[in-house]
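Taking it in order: structure first as structure tokens, then the write-up.
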Amino acid sequence: MTPSPRQRLAPEDRRRQLLDIGAQLFAEQPYDEVRMDHVAARAGVSRALLYRYFPNKRDLFTAVYRQATDRLIDTVRLDPAAGLEQQLRDGLDAHFDYFTANRHAVLAANRVLAGDATIQAMMADELEVMCERLLDGGTLGDAPREAVGAVVMSWLVFVRVLCVEWLQQPAFTREELREICVGSLLGALRPLTGESGRALGDP
């Protein structure tokens, strides 16, 4: 790996640079193959300086994953004018884009670091935000919010697990994955609404 030329940066800019390089490496390689000296070399800094910002690889990955989660949450904006099915497809496509572009990082978070409390807390926060956005989107009908929320949260967990399995072994196409996910939520909500997806705010 050819080292980048050294350059002076303000601490905030240096941290941002290291995070961007970490994100690239964790996206390109499995977690166990990413080395801190590779990060330092690509940034053109010493390992001592890198460790001043991130004491170990886990800390770097956690910061990278937090940044990626924040960006993903900011990207997924549900259109109130769209029906539920379209909201789901748009949201799922944004997640699939992220998952496929960051396959190694997603697998690391859900497999290698599955027992890490910080990573799990970030995932839980992301699911909570997505659940609230769906509940506030005006397309889930008049069923009790608590009951619908429990279904939606369980569905979000199902989607994450299925997507991770799909990344490891794609047994079906991306389009099939999306339709499986959409159909599973509409079917799960039907006992609460007594109607089809059209009654859940679809035009």
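Chain labels follow the order of the structure tokens: the first chain is A, the next B, and so on; residue numbering restarts at 1 in every chain, and ligands are counted from 1 in their shown order.
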
Task: In stretch 3-201 of chain A, DSSP alpha helix (DSSP H) residues written as a VMD selection string - done: chain A and resid 11 to 28 36 to 43 47 to 53 57 to 75 84 to 101 103 to 107 117 to 135 145 to 168 174 to 193

Distance table requested - stretch 87-132 of chain A against stretch 172-195 of chain A, cut-off 9 Å, only C-alpha atoms: one row per qualifying residue with the closest atom pair and its distance in Å to one decimal, ordered by chain and rising residue number, as a Markdown table.
```
| residue | atom | partner | partner_atom | distance |
| --- | --- | --- | --- | --- |
| A:Leu88 | CA | A:Val182 | CA | 6.4 |
| A:Arg89 | CA | A:Arg178 | CA | 6.8 |
| A:Leu92 | CA | A:Arg178 | CA | 6.7 |
| A:Asp93 | CA | A:Arg178 | CA | 7.7 |
| A:Phe96 | CA | A:Arg174 | CA | 8.0 |
```

Please, could you write that set of residues out with N, CA, C and O atoms as a compact mmCIF listing (two decimals), in the first residue's frame?
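Saved as result_8.txt:
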```txt
# COMPACT_ATOMS: atom_id res chain seq x y z
N LEU A 88 -42.36 1.95 1.83
CA LEU A 88 -41.55 0.79 2.18
C LEU A 88 -40.49 0.51 1.10
O LEU A 88 -39.32 0.26 1.42
N ARG A 89 -40.90 0.56 -0.15
CA ARG A 89 -39.95 0.28 -1.23
C ARG A 89 -38.84 1.32 -1.26
O ARG A 89 -37.67 0.97 -1.44
N LEU A 92 -36.57 0.70 1.79
CA LEU A 92 -35.80 -0.53 1.62
C LEU A 92 -34.69 -0.34 0.58
O LEU A 92 -33.57 -0.81 0.78
N ASP A 93 -35.00 0.35 -0.51
CA ASP A 93 -33.98 0.58 -1.53
C ASP A 93 -32.80 1.36 -0.97
O ASP A 93 -31.63 1.08 -1.29
N PHE A 96 -30.86 -1.11 1.10
CA PHE A 96 -30.16 -2.08 0.25
C PHE A 96 -28.93 -1.43 -0.40
O PHE A 96 -27.89 -2.08 -0.53
```

Open item on the list: Could you tell me how far atom CA of A:Asp74 sits from atom CA of A:Asp20, in Å to one decimal place?
Closed with: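 Computing the Euclidean distance for atom CA of A:Asp20 and atom CA of A:Asp74 yields 17.6 Å.
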
Open item on the list: List the spatial neighbours of A:Asn102 as a list in words - criterion: any atom at most 10 Å away, only C-alpha atoms, same-chain residues fewer than 2 positions off excluded.
Closed with: Ala23, Gln24, Leu25, Phe26, Ala27, Glu28, Gln29, Ala68, Phe96, Asp97, Tyr98, Phe99, Thr100, His104, Ala105, Val106, Leu107 and Ala108 of chain A

- [ ] Tell me, in Å to one decimal, how far atom CA of A:Leu156 is from atom CA of A:Tyr31.
- [x] 24.6 Å

Return as CSV the residues of stretch 1-114 of chain A lying at most 10 Å from stretch 120-129 of chain A, together with the closest atom-to-atom pair for each and the distance in Å to one decimal, counting only C-alpha atoms, with rows in chain order and ascending residue number.
```
residue,atom,partner,partner_atom,distance
A:Thr62,CA,A:Met122,CA,9.2
A:Tyr65,CA,A:Met122,CA,8.4
A:Arg66,CA,A:Met122,CA,6.8
A:Thr69,CA,A:Glu126,CA,7.0
A:Asp70,CA,A:Glu126,CA,8.2
A:Leu72,CA,A:Glu126,CA,8.8
A:Ile73,CA,A:Glu126,CA,6.8
A:Ala109,CA,A:Gln120,CA,8.2
A:Asn110,CA,A:Gln120,CA,8.6
A:Leu113,CA,A:Gln120,CA,8.7
A:Ala114,CA,A:Gln120,CA,7.1
```

Would you mind exporting N, CA and C atoms of the selected residues as a JSON list (two decimals), in the first residue's frame?
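Result saved to out.json:
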```json
[["chain", "number", "residue", "atom", "x", "y", "z"],
["A", 62, "THR", "N", -16.27, 1.48, 15.36],
["A", 62, "THR", "CA", -17.46, 2.01, 16.02],
["A", 62, "THR", "C", -17.76, 3.43, 15.54],
["A", 65, "TYR", "N", -18.99, 3.25, 11.97],
["A", 65, "TYR", "CA", -20.35, 2.72, 11.88],
["A", 65, "TYR", "C", -21.38, 3.74, 12.38],
["A", 66, "ARG", "N", -21.01, 4.50, 13.40],
["A", 66, "ARG", "CA", -21.92, 5.53, 13.90],
["A", 66, "ARG", "C", -22.15, 6.59, 12.82],
["A", 69, "THR", "N", -24.37, 5.09, 10.15],
["A", 69, "THR", "CA", -25.76, 4.97, 10.62],
["A", 69, "THR", "C", -26.46, 6.31, 10.58],
["A", 70, "ASP", "N", -25.77, 7.36, 11.02],
["A", 70, "ASP", "CA", -26.36, 8.70, 11.00],
["A", 70, "ASP", "C", -26.69, 9.12, 9.57],
["A", 72, "LEU", "N", -27.27, 7.12, 7.00],
["A", 72, "LEU", "CA", -28.37, 6.29, 6.50],
["A", 72, "LEU", "C", -29.70, 6.80, 7.02],
["A", 73, "ILE", "N", -29.76, 7.11, 8.31],
["A", 73, "ILE", "CA", -30.99, 7.63, 8.89],
["A", 73, "ILE", "C", -31.40, 8.93, 8.21],
["A", 109, "ALA", "N", -20.52, -5.71, 11.68],
["A", 109, "ALA", "CA", -21.38, -5.23, 12.76],
["A", 109, "ALA", "C", -22.37, -6.29, 13.21],
["A", 110, "ASN", "N", -22.85, -7.10, 12.27],
["A", 110, "ASN", "CA", -23.89, -8.08, 12.60],
["A", 110, "ASN", "C", -23.37, -9.47, 12.87],
["A", 113, "LEU", "N", -18.86, -8.44, 15.35],
["A", 113, "LEU", "CA", -19.05, -7.63, 16.55],
["A", 113, "LEU", "C", -20.49, -7.70, 17.07],
["A", 114, "ALA", "N", -21.12, -8.82, 16.84],
["A", 114, "ALA", "CA", -22.53, -8.95, 17.22],
["A", 114, "ALA", "C", -22.75, -8.80, 18.72]]
```

TODO: Provide the atom CA of A:Ala63 to atom CA of A:Asp136 distance in Å, to one decimal place.
DONE: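 We find that atom CA of A:Ala63 and atom CA of A:Asp136 lie 29.2 Å from each other.
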